[in-house]
>>> print(open('input-v8.cif').read())   # mmCIF, C-alpha atoms and all ligand atoms
data_upload
loop_
_atom_site.label_atom_id
_atom_site.label_comp_id
_atom_site.auth_asym_id
_atom_site.auth_seq_id
_atom_site.Cartn_x
_atom_site.Cartn_y
_atom_site.Cartn_z
CA MET X 1 -26.78 7.72 18.71
CA ARG X 2 -28.08 4.63 16.90
CA LEU X 3 -25.90 1.61 17.19
CA TRP X 4 -26.04 -0.59 14.12
CA LEU X 5 -25.03 -4.20 14.18
CA PHE X 6 -23.38 -5.12 10.92
CA ARG X 7 -22.06 -8.34 9.51
CA ALA X 8 -18.38 -8.73 10.10
CA PRO X 9 -16.33 -9.88 7.13
CA ALA X 10 -16.05 -13.64 6.96
CA TYR X 11 -12.46 -13.76 8.13
CA ARG X 12 -13.22 -11.81 11.26
CA GLN X 13 -16.35 -13.65 12.27
CA PRO X 14 -14.78 -16.44 14.33
CA ARG X 15 -12.72 -13.96 16.34
CA LEU X 16 -15.68 -11.68 16.95
CA GLN X 17 -17.93 -14.53 17.89
CA GLU X 18 -15.33 -15.91 20.28
CA TRP X 19 -14.93 -12.49 21.82
CA ALA X 20 -18.66 -12.04 22.18
CA MET X 21 -19.12 -15.48 23.69
CA ASP X 22 -16.27 -14.93 26.13
CA ALA X 23 -17.68 -11.62 27.21
CA GLY X 24 -21.34 -12.66 27.11
CA ARG X 25 -22.09 -9.63 24.96
CA PRO X 26 -23.68 -9.12 21.52
CA VAL X 27 -21.40 -9.30 18.47
CA VAL X 28 -20.31 -5.71 17.95
CA PRO X 29 -16.95 -5.15 16.29
CA HIS X 30 -14.70 -2.76 18.13
CA GLY X 31 -12.20 -0.27 16.81
CA HIS X 32 -14.15 1.70 14.21
CA LEU X 33 -17.49 2.66 12.82
CA SER X 34 -19.36 2.02 16.01
CA GLY X 35 -22.16 4.33 14.97
CA GLU X 36 -22.53 3.68 11.27
CA LEU X 37 -23.85 1.08 8.92
CA MET X 38 -21.16 -0.27 6.58
CA SER X 39 -22.35 0.60 3.11
CA LYS X 40 -19.40 0.79 0.71
CA ARG X 41 -18.30 -2.48 -0.80
CA LEU X 42 -14.84 -3.23 -2.06
CA VAL X 43 -13.17 -5.79 -4.28
CA ILE X 44 -9.42 -6.17 -3.89
CA VAL X 45 -7.24 -7.01 -6.90
CA GLY X 46 -4.52 -9.43 -5.75
CA ASN X 47 -4.16 -12.55 -3.64
CA GLY X 48 -0.74 -12.14 -2.04
CA GLN X 49 0.42 -10.54 1.17
CA MET X 50 -0.41 -7.06 -0.15
CA ALA X 51 -3.99 -8.15 -0.69
CA GLU X 52 -4.15 -9.58 2.84
CA LEU X 53 -2.60 -6.41 4.26
CA PHE X 54 -5.13 -4.14 2.57
CA CYS X 55 -8.02 -6.43 3.46
CA SER X 56 -7.02 -5.89 7.07
CA ASN X 57 -6.47 -2.13 6.67
CA PHE X 58 -9.79 -1.49 4.94
CA THR X 59 -11.65 -3.72 7.36
CA GLN X 60 -10.09 -2.35 10.53
CA SER X 61 -10.09 1.33 9.68
CA SER X 62 -12.29 2.40 6.81
CA ASP X 63 -15.99 2.32 6.03
CA TYR X 64 -15.48 -0.27 3.29
CA GLU X 65 -16.58 -3.83 3.60
CA VAL X 66 -14.25 -6.12 1.65
CA ALA X 67 -16.43 -8.47 -0.43
CA GLY X 68 -13.76 -10.55 -2.17
CA PHE X 69 -10.60 -10.73 -4.25
CA VAL X 70 -9.87 -11.03 -7.96
CA VAL X 71 -6.69 -12.17 -9.62
CA ASP X 72 -5.59 -13.40 -13.05
CA ARG X 73 -7.06 -16.85 -13.66
CA GLU X 74 -3.65 -18.57 -13.76
CA PHE X 75 -2.85 -17.37 -10.22
CA ILE X 76 -6.01 -18.73 -8.63
CA LYS X 77 -5.18 -21.26 -5.93
CA GLY X 78 -8.32 -22.49 -4.20
CA ASP X 79 -11.61 -20.66 -4.25
CA GLY X 80 -11.15 -18.26 -1.39
CA LEU X 81 -8.84 -16.03 0.60
CA LEU X 82 -9.35 -15.08 4.24
CA GLY X 83 -12.79 -16.68 4.04
CA LEU X 84 -13.88 -14.43 1.14
CA PRO X 85 -14.40 -15.39 -2.51
CA LEU X 86 -11.38 -15.36 -4.84
CA VAL X 87 -12.59 -14.89 -8.40
CA PRO X 88 -10.81 -14.80 -11.80
CA LEU X 89 -10.32 -11.26 -13.07
CA ASP X 90 -12.28 -12.14 -16.25
CA ASP X 91 -15.38 -12.60 -14.07
CA ILE X 92 -15.07 -9.37 -12.09
CA GLU X 93 -17.99 -7.55 -13.68
CA SER X 94 -20.43 -10.40 -13.11
CA ARG X 95 -19.38 -11.08 -9.49
CA PHE X 96 -18.50 -7.51 -8.41
CA PRO X 97 -20.20 -5.07 -10.81
CA PRO X 98 -18.59 -1.62 -11.09
CA GLY X 99 -21.71 0.30 -10.06
CA THR X 100 -21.92 -1.59 -6.77
CA PHE X 101 -18.29 -2.22 -5.90
CA ASP X 102 -15.25 0.01 -5.76
CA ALA X 103 -11.87 -1.59 -6.45
CA PHE X 104 -8.44 -1.45 -4.88
CA VAL X 105 -5.35 -2.79 -6.65
CA ALA X 106 -3.12 -4.43 -4.02
CA ILE X 107 -0.23 -5.90 -5.99
CA GLY X 108 3.48 -5.60 -5.18
CA PRO X 109 6.01 -3.67 -7.29
CA VAL X 110 6.92 -6.62 -9.55
CA ARG X 111 8.28 -5.81 -13.00
CA ASN X 112 8.90 -2.18 -12.15
CA ASN X 113 5.34 -1.59 -11.04
CA SER X 114 4.09 -2.36 -14.53
CA VAL X 115 1.72 -5.12 -13.37
CA ARG X 116 0.07 -2.82 -10.83
CA ALA X 117 -0.19 -0.08 -13.42
CA ALA X 118 -1.75 -2.38 -16.03
CA ARG X 119 -4.39 -3.75 -13.65
CA PHE X 120 -5.30 -0.25 -12.45
CA LEU X 121 -5.71 1.05 -16.00
CA GLU X 122 -7.68 -2.02 -17.06
CA LEU X 123 -10.14 -1.64 -14.18
CA ARG X 124 -10.52 2.04 -14.87
CA ARG X 125 -11.36 1.16 -18.51
CA ARG X 126 -13.96 -1.27 -17.21
CA GLY X 127 -15.64 1.56 -15.31
CA TYR X 128 -14.51 0.93 -11.73
CA ARG X 129 -14.05 3.62 -9.16
CA PHE X 130 -11.17 3.13 -6.76
CA ALA X 131 -10.88 3.29 -3.01
CA ASN X 132 -8.15 5.20 -1.22
CA TYR X 133 -6.77 3.95 2.05
CA VAL X 134 -5.53 6.69 4.36
CA SER X 135 -4.58 5.43 7.79
CA PRO X 136 -6.44 7.24 10.56
CA ARG X 137 -3.00 7.70 12.12
CA ALA X 138 -1.55 9.50 9.07
CA GLU X 139 -1.39 13.27 8.81
CA VAL X 140 -2.31 14.52 5.33
CA SER X 141 -2.41 18.26 4.78
CA PRO X 142 -5.80 19.50 3.58
CA ASP X 143 -3.78 21.32 0.90
CA ALA X 144 -2.28 18.12 -0.48
CA SER X 145 -4.03 16.26 -3.29
CA LEU X 146 -4.44 12.52 -3.72
CA GLY X 147 -5.29 10.54 -6.87
CA GLU X 148 -7.24 7.28 -6.87
CA ASN X 149 -6.16 3.89 -5.52
CA VAL X 150 -3.76 5.66 -3.20
CA SER X 151 -2.58 4.24 0.09
CA ILE X 152 -1.05 6.33 2.89
CA GLY X 153 0.17 4.10 5.73
CA HIS X 154 0.26 4.52 9.47
CA PHE X 155 2.19 7.49 10.89
CA CYS X 156 2.87 9.05 7.48
CA SER X 157 2.96 12.75 6.96
CA VAL X 158 2.05 14.42 3.64
CA GLY X 159 2.85 18.11 3.55
CA PRO X 160 0.97 21.05 2.05
CA TRP X 161 0.78 21.24 -1.76
CA ALA X 162 2.13 17.72 -2.19
CA ARG X 163 0.52 16.00 -5.19
CA ILE X 164 0.13 12.25 -5.12
CA GLY X 165 -0.89 10.61 -8.41
CA ASP X 166 -3.03 7.52 -9.05
CA ASN X 167 -2.18 4.05 -7.77
CA VAL X 168 0.61 5.25 -5.48
CA LEU X 169 1.54 3.30 -2.36
CA ILE X 170 3.17 5.18 0.50
CA GLY X 171 4.10 2.84 3.34
CA SER X 172 4.07 3.49 7.06
CA MET X 173 6.19 6.17 8.70
CA SER X 174 7.02 7.94 5.44
CA SER X 175 7.32 11.68 5.25
CA ILE X 176 6.38 13.42 2.01
CA GLY X 177 7.51 17.03 2.21
CA HIS X 178 5.67 20.12 1.07
CA HIS X 179 5.32 20.58 -2.71
CA CYS X 180 6.51 17.04 -3.48
CA GLN X 181 5.05 15.26 -6.50
CA VAL X 182 4.71 11.50 -6.54
CA HIS X 183 3.62 10.39 -9.99
CA SER X 184 1.27 7.54 -10.75
CA HIS X 185 2.08 3.88 -9.95
CA ALA X 186 5.09 4.77 -7.78
CA PHE X 187 5.78 2.49 -4.81
CA LEU X 188 7.36 3.75 -1.56
CA PRO X 189 7.23 0.81 0.86
CA VAL X 190 8.16 1.97 4.38
CA HIS X 191 9.88 4.92 6.03
CA VAL X 192 10.78 6.96 2.96
CA VAL X 193 11.75 10.49 3.86
CA MET X 194 11.43 13.19 1.19
CA ALA X 195 12.32 16.81 1.81
CA GLY X 196 10.40 19.57 0.03
CA SER X 197 9.69 19.68 -3.73
CA VAL X 198 11.01 16.21 -4.53
CA VAL X 199 9.57 14.66 -7.70
CA ILE X 200 9.15 10.89 -7.96
CA GLY X 201 8.57 9.71 -11.53
CA GLU X 202 5.92 7.25 -12.68
CA ARG X 203 6.43 3.63 -11.60
CA ALA X 204 9.54 4.45 -9.60
CA PHE X 205 10.35 2.23 -6.60
CA VAL X 206 11.94 3.90 -3.57
CA GLY X 207 13.17 1.29 -1.06
CA THR X 208 12.66 1.19 2.66
CA GLY X 209 14.54 3.76 4.68
CA THR X 210 15.52 6.00 1.76
CA THR X 211 16.12 9.70 2.36
CA ILE X 212 15.87 12.18 -0.55
CA ARG X 213 17.01 15.77 -0.34
CA ASP X 214 14.90 18.71 -1.47
CA ASN X 215 14.24 19.47 -5.15
CA VAL X 216 15.64 16.13 -6.35
CA HIS X 217 13.95 14.43 -9.32
CA ILE X 218 13.76 10.63 -9.36
CA GLY X 219 13.27 9.48 -12.96
CA GLU X 220 10.40 7.27 -14.00
CA GLY X 221 10.75 3.53 -13.53
CA SER X 222 13.95 3.88 -11.49
CA VAL X 223 14.72 1.69 -8.47
CA ILE X 224 16.28 3.03 -5.27
CA GLY X 225 17.53 0.26 -2.98
CA ALA X 226 16.76 0.13 0.72
CA GLY X 227 18.62 2.59 2.92
CA ALA X 228 19.92 4.94 0.21
CA THR X 229 20.53 8.66 0.67
CA ILE X 230 19.79 10.45 -2.59
CA LEU X 231 21.30 13.91 -2.95
CA GLY X 232 20.98 14.49 -6.71
CA ASP X 233 18.73 13.66 -9.65
CA VAL X 234 18.29 10.04 -10.68
CA GLU X 235 17.96 9.15 -14.38
CA PRO X 236 14.89 7.16 -15.51
CA ASN X 237 15.15 3.36 -15.38
CA THR X 238 18.36 3.29 -13.34
CA VAL X 239 19.14 1.46 -10.07
CA TYR X 240 20.80 3.09 -7.06
CA VAL X 241 21.89 1.30 -3.89
CA ALA X 242 23.59 2.48 -0.72
CA GLN X 243 26.74 1.08 0.80
CA GLY X 244 25.54 -1.90 2.82
CA ALA X 245 26.57 -2.44 6.45
CA LYS X 246 29.86 -4.30 6.83
CA GLN X 247 30.82 -6.92 9.38
CA LEU X 248 33.49 -5.93 11.92
CA PRO X 249 36.22 -8.43 12.86
CA MET X 250 35.02 -8.85 16.44
CA ARG X 251 32.52 -10.95 18.37
CA ALA X 252 29.25 -9.38 19.52
CA ASP X 253 30.22 -9.75 23.19
CA GLN X 254 33.30 -7.57 22.52
CA ALA X 255 31.23 -4.60 21.32
CA ARG X 256 31.13 -1.76 23.90
CA LEU X 257 27.41 -1.48 24.59
C1 LIG X 301 17.93 -2.65 -5.03
C2 LIG X 301 17.31 -4.02 -4.97
C3 LIG X 301 15.92 -3.98 -5.58
C4 LIG X 301 18.21 -4.95 -5.75
O1 LIG X 301 17.75 -6.26 -5.60
P1 LIG X 301 18.33 -7.47 -6.51
O2 LIG X 301 18.05 -7.17 -7.92
O3 LIG X 301 17.77 -8.71 -5.92
O4 LIG X 301 19.87 -7.37 -6.37
P2 LIG X 301 20.82 -8.16 -5.36
O5 LIG X 301 20.18 -8.27 -4.00
O6 LIG X 301 21.23 -9.42 -6.02
O7 LIG X 301 22.05 -7.17 -5.21
C5 LIG X 301 22.96 -6.87 -6.26
C6 LIG X 301 24.17 -6.21 -5.65
O8 LIG X 301 23.80 -4.94 -5.06
C7 LIG X 301 24.04 -4.92 -3.65
N1 LIG X 301 22.89 -4.32 -3.02
C8 LIG X 301 21.61 -4.61 -3.28
N2 LIG X 301 20.78 -3.84 -2.54
C9 LIG X 301 21.56 -3.07 -1.78
C10 LIG X 301 21.27 -2.07 -0.82
N3 LIG X 301 20.02 -1.73 -0.50
N4 LIG X 301 22.31 -1.48 -0.23
C11 LIG X 301 23.58 -1.81 -0.56
N5 LIG X 301 23.92 -2.74 -1.47
C12 LIG X 301 22.92 -3.37 -2.08
C13 LIG X 301 24.14 -6.40 -3.25
O9 LIG X 301 24.98 -6.58 -2.13
C14 LIG X 301 24.75 -7.00 -4.50
O10 LIG X 301 26.15 -6.74 -4.48
P3 LIG X 301 27.17 -7.84 -5.00
O11 LIG X 301 26.85 -8.05 -6.45
O12 LIG X 301 28.50 -7.17 -4.77
O13 LIG X 301 26.94 -9.05 -4.17
C15 LIG X 301 17.15 -4.54 -3.50
O14 LIG X 301 18.38 -4.85 -2.93
C16 LIG X 301 16.48 -3.57 -2.57
O15 LIG X 301 17.05 -2.72 -1.92
N6 LIG X 301 15.14 -3.74 -2.50
C17 LIG X 301 14.28 -2.91 -1.75
C18 LIG X 301 13.92 -3.51 -0.42
C19 LIG X 301 12.69 -2.86 0.13
O16 LIG X 301 12.62 -1.66 0.29
N7 LIG X 301 11.71 -3.69 0.37
C20 LIG X 301 10.40 -3.29 0.71
C21 LIG X 301 9.52 -4.09 -0.19
S1 LIG X 301 7.87 -4.03 0.23
#
>>> encode(input="input-v8.cif", output="structure tokens")
Amino acid sequence: MRLWLFRAPAYRQPRLQEWAMDAGRPVVPHGHLSGELMSKRLVIVGNGQMAELFCSNFTQSSDYEVAGFVVDREFIKGDGLLGLPLVPLDDIESRFPPGTFDAFVAIGPVRNNSVRAARFLELRRRGYRFANYVSPRAEVSPDASLGENVSIGHFCSVGPWARIGDNVLIGSMSSIGHHCQVHSHAFLPVHVVMAGSVVIGERAFVGTGTTIRDNVHIGEGSVIGAGATILGDVEPNTVYVAQGAKQLPMRADQARL
């Protein structure tokens, strides 16, 4: 097997160099891709925590090399992020041309996912292809289908015949049952559990720790608050929240643990 040395992304270089110096060994990143040359290049749309998260995910466990970030000009603060260039979105084609770079939109669910949706559609119009991030620790049925700019986090399970649209984020430890449909631009942050044949409408947001029973339809653009149990259909553009935890009239040291 040939062992290629490849350039670590800028933000990892100090750590790798320190590691190599400590160990007296050549600079070889550990964890993934030990036998391959990194060839696919990626530009991330966003400069917040989501962008940092996906920079790490793609770098640590995909064959993409993250080359830089783009964001609307008015949100540019400084000229870099994680040691990589941060460029105004207007300049994306000149700095990261679509034939050479794939894109990944890493923006949070602000304004009912409409900002994420708009950036995705704009980049598609400009001719970009999109990366998918599927954690190596996720289990995706070979009979499920995924759109573009899809993320499936660590320890997720996606069942047979599930259909995931474009620009859908499914956070860690979520379970998407068989025959579920998650339509484009939906956002399911962490630990969302969906039984079979659930339908999630476009741009819907399903909060952390939500459980949805089988055959339920969540309308487009709706918001489900963290920790909800959804047993029936949800109308489009509505908000559902669970009963929050209540405080008991006792001190913690009086609780029988
Ligand atoms: C539903 C949600 C979006 C509403 O947020 P918001 O617009 O800021 O609304 P507020 O937090 O002001 O809450 C409004 C009311 O609903 C209640 N409420 C909000 N979320 C709730 C929830 N998950 N469970 C129970 N009650 C909730 C609040 O207590 C408040 O009640 P009050 O008016 O009696 O005080 C938010 O609470 C939520 O659950 N977000 C998802 C969290 C999540 O999954 N994060 C992952 C992101 S990556």
>>> atom_distance(input="input-v8.cif", atom1="atom CA of X:Val223", atom2="atom CA of X:Gly196")
20.3 Å
>>> residues_around(input="input-v8.cif", residues="X:Leu81", least_positions_apart="5", cutoff="8 Å", atoms="only C-alpha atoms", output="ChimeraX atom specification")
/X:47,68-69,86
>>> residues_around(input="input-v8.cif", residues="X:His185", least_positions_apart="4", cutoff="6 Å", atoms="all atoms listed in the file", output="list in words")
Ala117, Asn167, Val168, Glu202 and Arg203 of chain X
>>> write_last_selection(input="input-v8.cif", atoms="C-alpha atoms", output="CSV table (one decimal), in the coordinates of the input")
chain,number,residue,atom,x,y,z
X,117,ALA,CA,-0.2,-0.1,-13.4
X,167,ASN,CA,-2.2,4.0,-7.8
X,168,VAL,CA,0.6,5.2,-5.5
X,202,GLU,CA,5.9,7.2,-12.7
X,203,ARG,CA,6.4,3.6,-11.6
>>> residues_around(input="input-v8.cif", residues="stretch 234-250 of chain X", least_positions_apart="4", cutoff="8 Å", atoms="only C-alpha atoms", output="list in words")
Gly201, Val216, His217, Ile218, Gly219, Glu220, Gly221, Ser222, Val223, Ile224, Gly225, Ala226, Gly227, Ala228, Thr229, Gln254 and Ala255 of chain X
>>> atom_distance(input="input-v8.cif", atom1="atom CA of X:Phe75", atom2="atom CA of X:Asp90")
12.4 Å
>>> closest_residue(input="input-v8.cif", among="X:Leu42, X:Ala204, X:Ile170, X:Val198", to="X:Ile230", atoms="only C-alpha atoms")
X:Val198
>>> closest_residue(input="input-v8.cif", among="X:Ser175, X:Thr100, X:Asn113, X:Ser184", to="X:Ser141", atoms="only C-alpha atoms")
X:Ser175
>>> atom_distance(input="input-v8.cif", atom1="atom CA of X:Met194", atom2="atom CA of X:Gly209")
10.5 Å
>>> closest_residue(input="input-v8.cif", among="X:Ala106, X:Val115, X:Gly159, X:Ser61", to="ligand LIG 301 (chain X)", atoms="only C-alpha atoms and all ligand atoms")
X:Ala106
>>> residues_around(input="input-v8.cif", residues="stretch 163-165 of chain X", least_positions_apart="2", cutoff="12 Å", atoms="all atoms listed in the file", output="PyMOL selection string")
chain X and resi 117+132+140-152+158-161+167-170+176-188+196-203
>>> closest_residue(input="input-v8.cif", among="X:Met50, X:Ala118, X:Ala131, X:Val105", to="X:Glu65", atoms="only C-alpha atoms")
X:Ala131
>>> residues_around(input="input-v8.cif", residues="X:Pro189", least_positions_apart="5", cutoff="10 Å", atoms="all atoms listed in the file", output="tab-separated table (two decimals) with C-alpha atoms, in the frame of the given file")
chain	number	residue	atom	x	y	z
X	108	GLY	CA	3.48	-5.60	-5.18
X	109	PRO	CA	6.01	-3.67	-7.29
X	153	GLY	CA	0.17	4.10	5.73
X	169	LEU	CA	1.54	3.30	-2.36
X	170	ILE	CA	3.17	5.18	0.50
X	171	GLY	CA	4.10	2.84	3.34
X	172	SER	CA	4.07	3.49	7.06
X	173	MET	CA	6.19	6.17	8.70
X	174	SER	CA	7.02	7.94	5.44
X	205	PHE	CA	10.35	2.23	-6.60
X	206	VAL	CA	11.94	3.90	-3.57
X	207	GLY	CA	13.17	1.29	-1.06
X	208	THR	CA	12.66	1.19	2.66
X	209	GLY	CA	14.54	3.76	4.68
X	210	THR	CA	15.52	6.00	1.76
X	226	ALA	CA	16.76	0.13	0.72
>>> closest_residue(input="input-v8.cif", among="X:Leu123, X:Gln60, X:Gln49, X:Asp79", to="ligand LIG 301 (chain X)", atoms="all atoms listed in the file")
X:Gln49
>>> closest_residue(input="input-v8.cif", among="X:Ile107, X:Phe155, X:Arg137, X:Val66", to="ligand LIG 301 (chain X)", atoms="only C-alpha atoms and all ligand atoms")
X:Ile107
